[in-house]
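Undergrad: What follows is the file data_3.cif, containing mmCIF, C-alpha atoms, pLDDT in the B column; chains and numbers go by the auth columns:
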```cif
data_run
#
loop_
_atom_site.group_PDB
_atom_site.id
_atom_site.type_symbol
_atom_site.label_atom_id
_atom_site.label_comp_id
_atom_site.label_asym_id
_atom_site.label_seq_id
_atom_site.Cartn_x
_atom_site.Cartn_y
_atom_site.Cartn_z
_atom_site.B_iso_or_equiv
_atom_site.auth_seq_id
_atom_site.auth_asym_id
ATOM 1 C CA MET A 1 0.573 163.470 71.836 94.00 1 A
ATOM 2 C CA ARG A 2 2.254 160.741 73.852 96.00 2 A
ATOM 3 C CA VAL A 3 3.448 161.966 77.247 97.00 3 A
ATOM 4 C CA TYR A 4 5.326 160.111 79.949 98.00 4 A
ATOM 5 C CA VAL A 5 4.152 160.701 83.519 98.00 5 A
ATOM 6 C CA PRO A 6 6.571 159.749 86.318 98.00 6 A
ATOM 7 C CA LEU A 7 5.172 157.920 89.341 97.00 7 A
ATOM 8 C CA THR A 8 6.074 155.472 92.072 97.00 8 A
ATOM 9 C CA LEU A 9 4.337 152.144 92.697 96.00 9 A
ATOM 10 C CA PRO A 10 2.157 153.724 95.449 96.00 10 A
ATOM 11 C CA GLY A 11 1.359 156.527 92.997 96.00 11 A
ATOM 12 C CA LEU A 12 0.419 153.976 90.358 97.00 12 A
ATOM 13 C CA ALA A 13 -1.862 152.224 92.851 97.00 13 A
ATOM 14 C CA GLU A 14 -3.554 155.540 93.595 96.00 14 A
ATOM 15 C CA VAL A 15 -4.178 156.519 89.972 96.00 15 A
ATOM 16 C CA HIS A 16 -5.287 152.990 89.115 96.00 16 A
ATOM 17 C CA GLY A 17 -7.808 153.109 91.955 96.00 17 A
ATOM 18 C CA LYS A 18 -9.098 156.558 90.928 96.00 18 A
ATOM 19 C CA GLY A 19 -9.126 155.715 87.251 96.00 19 A
ATOM 20 C CA GLU A 20 -7.247 158.875 86.323 96.00 20 A
ATOM 21 C CA LEU A 21 -3.949 160.690 86.561 96.00 21 A
ATOM 22 C CA GLY A 22 -4.516 164.024 88.194 89.00 22 A
ATOM 23 C CA PRO A 23 -5.833 166.445 89.054 89.00 23 A
ATOM 24 C CA GLY A 24 -3.758 168.599 86.762 83.00 24 A
ATOM 25 C CA PRO A 25 -1.487 170.161 86.070 92.00 25 A
ATOM 26 C CA LEU A 26 0.743 167.094 85.741 94.00 26 A
ATOM 27 C CA ASP A 27 4.484 167.220 85.227 94.00 27 A
ATOM 28 C CA ALA A 28 5.322 164.969 82.302 96.00 28 A
ATOM 29 C CA TYR A 29 7.829 164.445 79.508 96.00 29 A
ATOM 30 C CA ALA A 30 7.309 164.264 75.768 95.00 30 A
ATOM 31 C CA VAL A 31 8.938 164.653 72.389 93.00 31 A
ATOM 32 C CA THR A 32 9.061 168.446 72.244 90.00 32 A
ATOM 33 C CA PRO A 33 10.478 170.798 69.615 87.00 33 A
ATOM 34 C CA ALA A 34 13.350 171.532 72.024 86.00 34 A
ATOM 35 C CA LEU A 35 14.117 167.818 72.358 88.00 35 A
ATOM 36 C CA ARG A 36 14.035 167.396 68.571 86.00 36 A
ATOM 37 C CA GLU A 37 16.429 170.322 68.183 86.00 37 A
ATOM 38 C CA TRP A 38 18.764 168.933 70.826 80.00 38 A
ATOM 39 C CA LEU A 39 18.778 165.299 69.722 80.00 39 A
ATOM 40 C CA SER A 40 17.600 164.077 66.321 75.00 40 A
ATOM 41 C CA ASP A 41 14.597 163.293 64.167 76.00 41 A
ATOM 42 C CA ASP A 42 14.528 159.563 64.959 85.00 42 A
ATOM 43 C CA ILE A 43 11.140 159.228 66.694 88.00 43 A
ATOM 44 C CA GLU A 44 12.084 156.040 68.548 90.00 44 A
ATOM 45 C CA GLU A 45 15.228 157.667 69.956 92.00 45 A
ATOM 46 C CA LEU A 46 13.253 160.772 70.896 93.00 46 A
ATOM 47 C CA GLU A 47 10.541 158.776 72.675 94.00 47 A
ATOM 48 C CA TYR A 48 13.155 156.678 74.498 94.00 48 A
ATOM 49 C CA THR A 49 14.878 159.884 75.634 93.00 49 A
ATOM 50 C CA ALA A 50 11.586 161.399 76.874 95.00 50 A
ATOM 51 C CA LEU A 51 10.906 158.144 78.740 96.00 51 A
ATOM 52 C CA GLY A 52 14.389 158.425 80.283 95.00 52 A
ATOM 53 C CA TYR A 53 13.653 161.930 81.549 94.00 53 A
ATOM 54 C CA ALA A 54 10.442 160.635 83.106 96.00 54 A
ATOM 55 C CA ALA A 55 12.377 157.780 84.753 97.00 55 A
ATOM 56 C CA GLN A 56 14.751 160.351 86.270 95.00 56 A
ATOM 57 C CA ALA A 57 11.748 162.270 87.613 96.00 57 A
ATOM 58 C CA SER A 58 10.362 159.034 89.063 97.00 58 A
ATOM 59 C CA LEU A 59 13.708 158.554 90.821 97.00 59 A
ATOM 60 C CA ARG A 60 13.277 162.013 92.383 96.00 60 A
ATOM 61 C CA GLN A 61 9.831 160.992 93.597 97.00 61 A
ATOM 62 C CA LEU A 62 11.336 157.844 95.117 97.00 62 A
ATOM 63 C CA ALA A 63 13.944 159.935 96.936 96.00 63 A
ATOM 64 C CA ALA A 64 11.076 161.861 98.537 95.00 64 A
ATOM 65 C CA ARG A 65 9.161 158.671 99.428 94.00 65 A
ATOM 66 C CA PRO A 66 11.393 156.315 101.408 92.00 66 A
ATOM 67 C CA ASP A 67 8.387 154.041 102.024 93.00 67 A
ATOM 68 C CA ALA A 68 7.916 153.330 98.295 95.00 68 A
ATOM 69 C CA ALA A 69 9.366 150.243 96.624 95.00 69 A
ATOM 70 C CA ARG A 70 12.601 151.186 94.901 97.00 70 A
ATOM 71 C CA ARG A 71 11.277 150.804 91.377 97.00 71 A
ATOM 72 C CA ARG A 72 10.816 153.661 88.934 98.00 72 A
ATOM 73 C CA VAL A 73 7.399 153.877 87.278 98.00 73 A
ATOM 74 C CA VAL A 74 6.362 155.804 84.173 98.00 74 A
ATOM 75 C CA VAL A 75 2.893 155.807 82.631 98.00 75 A
ATOM 76 C CA ALA A 76 2.712 156.544 78.906 98.00 76 A
ATOM 77 C CA VAL A 77 -0.540 158.301 78.034 97.00 77 A
ATOM 78 C CA ASP A 78 -1.964 159.809 74.883 96.00 78 A
ATOM 79 C CA VAL A 79 -3.475 163.254 75.305 95.00 79 A
ATOM 80 C CA PRO A 80 -4.668 165.938 72.891 95.00 80 A
ATOM 81 C CA ASP A 81 -1.939 168.394 71.903 93.00 81 A
ATOM 82 C CA ALA A 82 -4.059 171.212 73.350 93.00 82 A
ATOM 83 C CA ALA A 83 -3.810 169.591 76.803 94.00 83 A
ATOM 84 C CA VAL A 84 -0.015 169.931 76.831 94.00 84 A
ATOM 85 C CA ALA A 85 1.913 173.106 77.606 90.00 85 A
ATOM 86 C CA ALA A 86 5.593 173.872 77.928 83.00 86 A
ATOM 87 C CA ALA A 87 6.853 173.353 81.461 82.00 87 A
ATOM 88 C CA PRO A 88 7.533 176.764 82.980 71.00 88 A
ATOM 89 C CA GLY A 89 11.134 177.541 83.895 61.00 89 A
ATOM 90 C CA ASP A 90 12.648 174.232 82.817 57.00 90 A
ATOM 91 C CA ALA A 91 15.023 175.198 80.009 60.00 91 A
ATOM 92 C CA GLN A 92 17.561 172.545 81.127 72.00 92 A
ATOM 93 C CA ASP A 93 15.054 169.787 80.501 85.00 93 A
ATOM 94 C CA PRO A 94 14.104 169.778 76.808 88.00 94 A
ATOM 95 C CA ALA A 95 11.448 167.067 77.250 92.00 95 A
ATOM 96 C CA ALA A 96 9.563 168.651 80.163 94.00 96 A
ATOM 97 C CA VAL A 97 5.904 169.486 79.600 95.00 97 A
ATOM 98 C CA ARG A 98 2.858 170.135 81.715 94.00 98 A
ATOM 99 C CA VAL A 99 -0.445 168.362 81.141 95.00 99 A
ATOM 100 C CA THR A 100 -3.106 170.910 81.997 93.00 100 A
ATOM 101 C CA GLY A 101 -5.774 168.628 83.424 93.00 101 A
ATOM 102 C CA PRO A 102 -6.524 165.128 84.628 94.00 102 A
ATOM 103 C CA VAL A 103 -6.050 162.213 82.240 95.00 103 A
ATOM 104 C CA PRO A 104 -8.312 159.154 82.379 95.00 104 A
ATOM 105 C CA MET A 105 -6.344 155.937 82.766 95.00 105 A
ATOM 106 C CA LYS A 106 -8.188 154.632 79.711 95.00 106 A
ATOM 107 C CA LYS A 107 -5.868 156.975 77.764 95.00 107 A
ATOM 108 C CA ALA A 108 -2.833 155.092 79.099 96.00 108 A
ATOM 109 C CA ALA A 109 -0.944 153.193 76.424 96.00 109 A
ATOM 110 C CA ALA A 110 1.529 151.383 78.674 97.00 110 A
ATOM 111 C CA VAL A 111 3.271 151.326 82.014 98.00 111 A
ATOM 112 C CA HIS A 112 7.054 151.161 82.289 98.00 112 A
ATOM 113 C CA VAL A 113 8.497 149.776 85.544 98.00 113 A
ATOM 114 C CA ASP A 114 11.892 148.651 86.760 97.00 114 A
ATOM 115 C CA ALA A 115 12.419 144.916 87.079 95.00 115 A
ATOM 116 C CA SER A 116 13.041 143.659 90.598 93.00 116 A
ATOM 117 C CA ASP A 117 16.751 143.205 89.821 94.00 117 A
ATOM 118 C CA ALA A 118 17.059 147.000 89.478 96.00 118 A
ATOM 119 C CA GLU A 119 15.858 147.711 93.021 96.00 119 A
ATOM 120 C CA GLU A 120 19.334 147.785 94.583 96.00 120 A
ATOM 121 C CA ALA A 121 20.697 150.224 91.983 97.00 121 A
ATOM 122 C CA VAL A 122 17.555 152.369 92.142 97.00 122 A
ATOM 123 C CA ALA A 123 17.685 152.452 95.965 97.00 123 A
ATOM 124 C CA ALA A 124 21.333 153.530 95.872 97.00 124 A
ATOM 125 C CA ALA A 125 20.551 156.172 93.238 97.00 125 A
ATOM 126 C CA ALA A 126 17.632 157.586 95.226 97.00 126 A
ATOM 127 C CA SER A 127 19.849 157.815 98.312 96.00 127 A
ATOM 128 C CA ALA A 128 22.656 159.504 96.364 96.00 128 A
ATOM 129 C CA LEU A 129 20.484 161.993 94.501 95.00 129 A
ATOM 130 C CA ALA A 130 20.938 164.970 96.846 94.00 130 A
ATOM 131 C CA ALA A 131 24.712 164.563 96.890 96.00 131 A
ATOM 132 C CA ALA A 132 24.767 164.194 93.103 95.00 132 A
ATOM 133 C CA ASP A 133 22.755 167.399 92.767 92.00 133 A
ATOM 134 C CA GLY A 134 25.393 169.035 94.940 95.00 134 A
ATOM 135 C CA GLY A 135 28.146 168.048 92.522 95.00 135 A
ATOM 136 C CA ASP A 136 29.508 164.900 94.192 96.00 136 A
ATOM 137 C CA GLY A 137 31.031 162.877 91.341 96.00 137 A
ATOM 138 C CA ALA A 138 30.775 159.496 93.073 96.00 138 A
ATOM 139 C CA ALA A 139 27.118 160.147 93.897 96.00 139 A
ATOM 140 C CA LEU A 140 26.475 161.171 90.302 95.00 140 A
ATOM 141 C CA ARG A 141 27.917 157.867 89.062 96.00 141 A
ATOM 142 C CA THR A 142 25.655 156.044 91.528 96.00 142 A
ATOM 143 C CA VAL A 143 22.623 157.911 90.177 96.00 143 A
ATOM 144 C CA GLU A 144 23.682 157.120 86.621 94.00 144 A
ATOM 145 C CA GLY A 145 23.902 153.448 87.643 93.00 145 A
ATOM 146 C CA ALA A 146 20.110 153.312 87.815 94.00 146 A
ATOM 147 C CA GLU A 147 20.017 154.317 84.150 91.00 147 A
ATOM 148 C CA ASP A 148 21.833 151.082 83.295 92.00 148 A
ATOM 149 C CA HIS A 149 18.517 149.346 83.969 95.00 149 A
ATOM 150 C CA ASP A 150 15.909 149.692 81.248 93.00 150 A
ATOM 151 C CA LEU A 151 12.322 149.995 82.329 97.00 151 A
ATOM 152 C CA MET A 152 10.173 147.037 81.390 97.00 152 A
ATOM 153 C CA TRP A 153 7.015 147.516 79.310 97.00 153 A
ATOM 154 C CA PHE A 154 3.642 146.416 80.672 97.00 154 A
ATOM 155 C CA GLY A 155 0.184 146.659 79.191 96.00 155 A
ATOM 156 C CA VAL A 156 -2.334 148.682 81.180 94.00 156 A
ATOM 157 C CA GLN A 157 -4.299 145.500 81.896 95.00 157 A
ATOM 158 C CA GLU A 158 -1.224 144.237 83.780 96.00 158 A
ATOM 159 C CA ILE A 159 -1.322 147.004 86.410 96.00 159 A
ATOM 160 C CA PRO A 160 -3.136 144.870 89.032 94.00 160 A
ATOM 161 C CA GLY A 161 -0.359 142.276 88.773 93.00 161 A
ATOM 162 C CA LEU A 162 2.294 144.969 89.192 92.00 162 A
ATOM 163 C CA LEU A 163 0.572 146.197 92.327 92.00 163 A
ATOM 164 C CA GLY A 164 -0.247 142.749 93.731 81.00 164 A
#
```
In structure tokens, how does this file's structure come out?
TA:
Amino acid sequence: MRVYVPLTLPGLAEVHGKGELGPGPLDAYAVTPALREWLSDDIEELEYTALGYAAQASLRQLAARPDAARRRVVVAVDVPDAAVAAAPGDAQDPAAVRVTGPVPMKKAAAVHVDASDAEEAVAAAASALAAADGGDGAALRTVEGAEDHDLMWFGVQEIPGLLG
């Protein structure tokens, strides 16, 4: 199963250095039965939506790490179905899953990262996140502004260049 693990650039540096994502359990996002029921059967649309949920989770991590570069990071990894469980208590998030243990980086299929031109929008979104969660409409539009920027695809072998 392909799962999308949200990170930050410092988090990516850490897992790259260790050679694995973990220890588990890891919060991740995937094409789940709930997501299929909610959306469609188009696998590309489903995977893009799961990636979007992971990007939102990366934004939350950025809000908690003001020292991190304002770029969302998602690592796509392939794990056995048995290593994935439903995320407890997250009925509002149909793509949320939990990976039960560590995942070697050799299982990573790709890394998705914001381009540098997204940093301003991502920084504003991270700053506005708490207000948006509180129902502030203007803050919510600011958070949604980060979603106007698609994450770029990078091969795993390109991670050192992303971190450099």
Undergrad: Residues around (3.0, 162.6, 75.5), cut-off 9 Å, counting all atoms listed in the file - what are they as a list in words?
TA: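 Those within range, by chain then number, are Met1, Arg2, Val3, Tyr4, Val5, Ala28, Tyr29, Ala30, Val31, Glu47, Ala50, Ala76, Val77, Asp78, Val79, Pro80, Asp81, Val84, Val97 and Val99 of chain A.
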Undergrad: For each of A:Leu39, A:Ala130, A:Ala69, A:Ala138, take the minimum atom-to-atom distance to Leu162 of chain A, counting all atoms listed in the file, then give the residue where this is smallest.
TA: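 That would be A:Ala69, the residue with the smallest distance to Leu162 of chain A.
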Undergrad: Could you tell me which of A:Gly164, A:Gly24, A:Gly134, A:Pro66 comes closest to Pro104 of chain A if we count only C-alpha atoms?
TA: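 Nearest candidate to Pro104 of chain A out of A:Gly164, A:Gly24, A:Gly134, A:Pro66: A:Gly24.
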Undergrad: Applying 12 Å and only C-alpha atoms, which residues near segment 116-120 of chain A remain after dropping the ones on its own chain fewer than 4 positions away? List them as a VMD selection string.
TA: chain A and resid 59 62 68 to 73 124 to 127 142 to 143 145 to 152 162
Undergrad: Apply the PyMOL selection byres ((chain A and resi 106) around 8) to the displayed file and report the matching residues as a list in words.
TA: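 Expected selection for the PyMOL selection byres ((chain A and resi 106) around 8) here is Gly19, Glu20, Pro104, Met105, Lys107 and Ala108 of chain A.
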Undergrad: Suppose you want the space between atom CA of Asp93 of chain A and atom CA of Ala109 of chain A; what is it in Å?
TA: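 Between atom CA of Asp93 of chain A and atom CA of Ala109 of chain A the gap is 23.4 Å.
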Undergrad: Kindly indicate which residue among A:Arg141, A:Arg36, A:Arg98, A:Arg60 lies nearest to Thr8 of chain A, using all atoms listed in the file for the distances.
TA: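 Between A:Arg141, A:Arg36, A:Arg98, A:Arg60, the residue approaching Thr8 of chain A most closely is A:Arg60.
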Undergrad: I need the residue set behind the PyMOL selection byres ((chain A and resi 154) around 8) for this file; please write it as a PyMOL selection string.
TA: chain A and resi 110-113+152-153+155-156+158-159
Undergrad: Missing atoms in segment 56-67 of chain A: can you complete it with all heavy atoms, as a PDB file, keeping the file's coordinate frame?
TA:
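Produced file part13.pdb, reproduced below:
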```pdb
ATOM      1  N   GLN A  56      13.969 159.537  85.334  1.00 95.00           N
ATOM      2  CA  GLN A  56      14.751 160.351  86.270  1.00 95.00           C
ATOM      3  C   GLN A  56      13.830 161.083  87.242  1.00 95.00           C
ATOM      4  O   GLN A  56      14.123 161.188  88.436  1.00 95.00           O
ATOM      5  CB  GLN A  56      15.611 161.369  85.513  1.00 95.00           C
ATOM      6  CG  GLN A  56      16.753 160.755  84.744  1.00 95.00           C
ATOM      7  CD  GLN A  56      17.457 161.768  83.839  1.00 95.00           C
ATOM      8  OE1 GLN A  56      17.078 162.940  83.766  1.00 95.00           O
ATOM      9  NE2 GLN A  56      18.472 161.305  83.144  1.00 95.00           N
ATOM     10  N   ALA A  57      12.711 161.584  86.744  1.00 96.00           N
ATOM     11  CA  ALA A  57      11.748 162.270  87.613  1.00 96.00           C
ATOM     12  C   ALA A  57      11.114 161.286  88.595  1.00 96.00           C
ATOM     13  O   ALA A  57      10.857 161.634  89.753  1.00 96.00           O
ATOM     14  CB  ALA A  57      10.680 162.961  86.777  1.00 96.00           C
ATOM     15  N   SER A  58      10.875 160.060  88.155  1.00 97.00           N
ATOM     16  CA  SER A  58      10.362 159.034  89.063  1.00 97.00           C
ATOM     17  C   SER A  58      11.374 158.763  90.170  1.00 97.00           C
ATOM     18  O   SER A  58      11.004 158.594  91.337  1.00 97.00           O
ATOM     19  CB  SER A  58      10.059 157.749  88.288  1.00 97.00           C
ATOM     20  OG  SER A  58       9.668 156.716  89.165  1.00 97.00           O
ATOM     21  N   LEU A  59      12.656 158.745  89.816  1.00 97.00           N
ATOM     22  CA  LEU A  59      13.708 158.554  90.821  1.00 97.00           C
ATOM     23  C   LEU A  59      13.650 159.670  91.866  1.00 97.00           C
ATOM     24  O   LEU A  59      13.786 159.415  93.068  1.00 97.00           O
ATOM     25  CB  LEU A  59      15.080 158.514  90.151  1.00 97.00           C
ATOM     26  CG  LEU A  59      16.260 158.275  91.069  1.00 97.00           C
ATOM     27  CD1 LEU A  59      16.196 156.896  91.711  1.00 97.00           C
ATOM     28  CD2 LEU A  59      17.566 158.438  90.289  1.00 97.00           C
ATOM     29  N   ARG A  60      13.412 160.884  91.435  1.00 96.00           N
ATOM     30  CA  ARG A  60      13.277 162.013  92.383  1.00 96.00           C
ATOM     31  C   ARG A  60      12.076 161.801  93.304  1.00 96.00           C
ATOM     32  O   ARG A  60      12.139 162.108  94.490  1.00 96.00           O
ATOM     33  CB  ARG A  60      13.159 163.335  91.639  1.00 96.00           C
ATOM     34  CG  ARG A  60      14.442 163.710  90.942  1.00 96.00           C
ATOM     35  CD  ARG A  60      14.508 165.164  90.515  1.00 96.00           C
ATOM     36  NE  ARG A  60      15.819 165.424  89.990  1.00 96.00           N
ATOM     37  CZ  ARG A  60      16.915 165.629  90.713  1.00 96.00           C
ATOM     38  NH1 ARG A  60      16.829 165.630  92.024  1.00 96.00           N
ATOM     39  NH2 ARG A  60      18.082 165.839  90.151  1.00 96.00           N
ATOM     40  N   GLN A  61      10.993 161.282  92.761  1.00 97.00           N
ATOM     41  CA  GLN A  61       9.831 160.992  93.597  1.00 97.00           C
ATOM     42  C   GLN A  61      10.163 159.909  94.618  1.00 97.00           C
ATOM     43  O   GLN A  61       9.740 159.978  95.771  1.00 97.00           O
ATOM     44  CB  GLN A  61       8.638 160.565  92.740  1.00 97.00           C
ATOM     45  CG  GLN A  61       8.061 161.685  91.905  1.00 97.00           C
ATOM     46  CD  GLN A  61       6.893 161.237  91.050  1.00 97.00           C
ATOM     47  OE1 GLN A  61       6.320 160.170  91.244  1.00 97.00           O
ATOM     48  NE2 GLN A  61       6.525 162.070  90.085  1.00 97.00           N
ATOM     49  N   LEU A  62      10.932 158.910  94.194  1.00 97.00           N
ATOM     50  CA  LEU A  62      11.336 157.844  95.117  1.00 97.00           C
ATOM     51  C   LEU A  62      12.213 158.395  96.235  1.00 97.00           C
ATOM     52  O   LEU A  62      12.101 157.961  97.386  1.00 97.00           O
ATOM     53  CB  LEU A  62      12.085 156.736  94.372  1.00 97.00           C
ATOM     54  CG  LEU A  62      11.231 155.843  93.491  1.00 97.00           C
ATOM     55  CD1 LEU A  62      12.108 154.929  92.651  1.00 97.00           C
ATOM     56  CD2 LEU A  62      10.258 155.031  94.335  1.00 97.00           C
ATOM     57  N   ALA A  63      13.077 159.332  95.916  1.00 96.00           N
ATOM     58  CA  ALA A  63      13.944 159.935  96.936  1.00 96.00           C
ATOM     59  C   ALA A  63      13.111 160.640  97.999  1.00 96.00           C
ATOM     60  O   ALA A  63      13.489 160.676  99.174  1.00 96.00           O
ATOM     61  CB  ALA A  63      14.928 160.907  96.293  1.00 96.00           C
ATOM     62  N   ALA A  64      11.966 161.171  97.601  1.00 95.00           N
ATOM     63  CA  ALA A  64      11.076 161.861  98.537  1.00 95.00           C
ATOM     64  C   ALA A  64      10.127 160.918  99.264  1.00 95.00           C
ATOM     65  O   ALA A  64       9.448 161.331 100.197  1.00 95.00           O
ATOM     66  CB  ALA A  64      10.265 162.922  97.786  1.00 95.00           C
ATOM     67  N   ARG A  65      10.070 159.656  98.826  1.00 94.00           N
ATOM     68  CA  ARG A  65       9.161 158.671  99.428  1.00 94.00           C
ATOM     69  C   ARG A  65       9.936 157.421  99.843  1.00 94.00           C
ATOM     70  O   ARG A  65       9.932 156.415  99.129  1.00 94.00           O
ATOM     71  CB  ARG A  65       8.069 158.270  98.434  1.00 94.00           C
ATOM     72  CG  ARG A  65       7.063 159.395  98.220  1.00 94.00           C
ATOM     73  CD  ARG A  65       5.778 158.906  97.700  1.00 94.00           C
ATOM     74  NE  ARG A  65       5.088 158.010  98.627  1.00 94.00           N
ATOM     75  CZ  ARG A  65       3.896 157.520  98.389  1.00 94.00           C
ATOM     76  NH1 ARG A  65       3.282 157.800  97.280  1.00 94.00           N
ATOM     77  NH2 ARG A  65       3.319 156.719  99.251  1.00 94.00           N
ATOM     78  N   PRO A  66      10.592 157.475 100.991  1.00 92.00           N
ATOM     79  CA  PRO A  66      11.393 156.315 101.408  1.00 92.00           C
ATOM     80  C   PRO A  66      10.570 155.058 101.656  1.00 92.00           C
ATOM     81  O   PRO A  66      11.113 153.958 101.669  1.00 92.00           O
ATOM     82  CB  PRO A  66      12.085 156.788 102.686  1.00 92.00           C
ATOM     83  CG  PRO A  66      11.377 158.014 103.118  1.00 92.00           C
ATOM     84  CD  PRO A  66      10.663 158.579 101.931  1.00 92.00           C
ATOM     85  N   ASP A  67       9.258 155.193 101.802  1.00 93.00           N
ATOM     86  CA  ASP A  67       8.387 154.041 102.024  1.00 93.00           C
ATOM     87  C   ASP A  67       8.034 153.304 100.735  1.00 93.00           C
ATOM     88  O   ASP A  67       7.525 152.184 100.779  1.00 93.00           O
ATOM     89  CB  ASP A  67       7.097 154.498 102.712  1.00 93.00           C
ATOM     90  CG  ASP A  67       6.304 155.493 101.854  1.00 93.00           C
ATOM     91  OD1 ASP A  67       6.924 156.409 101.277  1.00 93.00           O
ATOM     92  OD2 ASP A  67       5.071 155.362 101.775  1.00 93.00           O
TER      93      ASP A  67
END
```
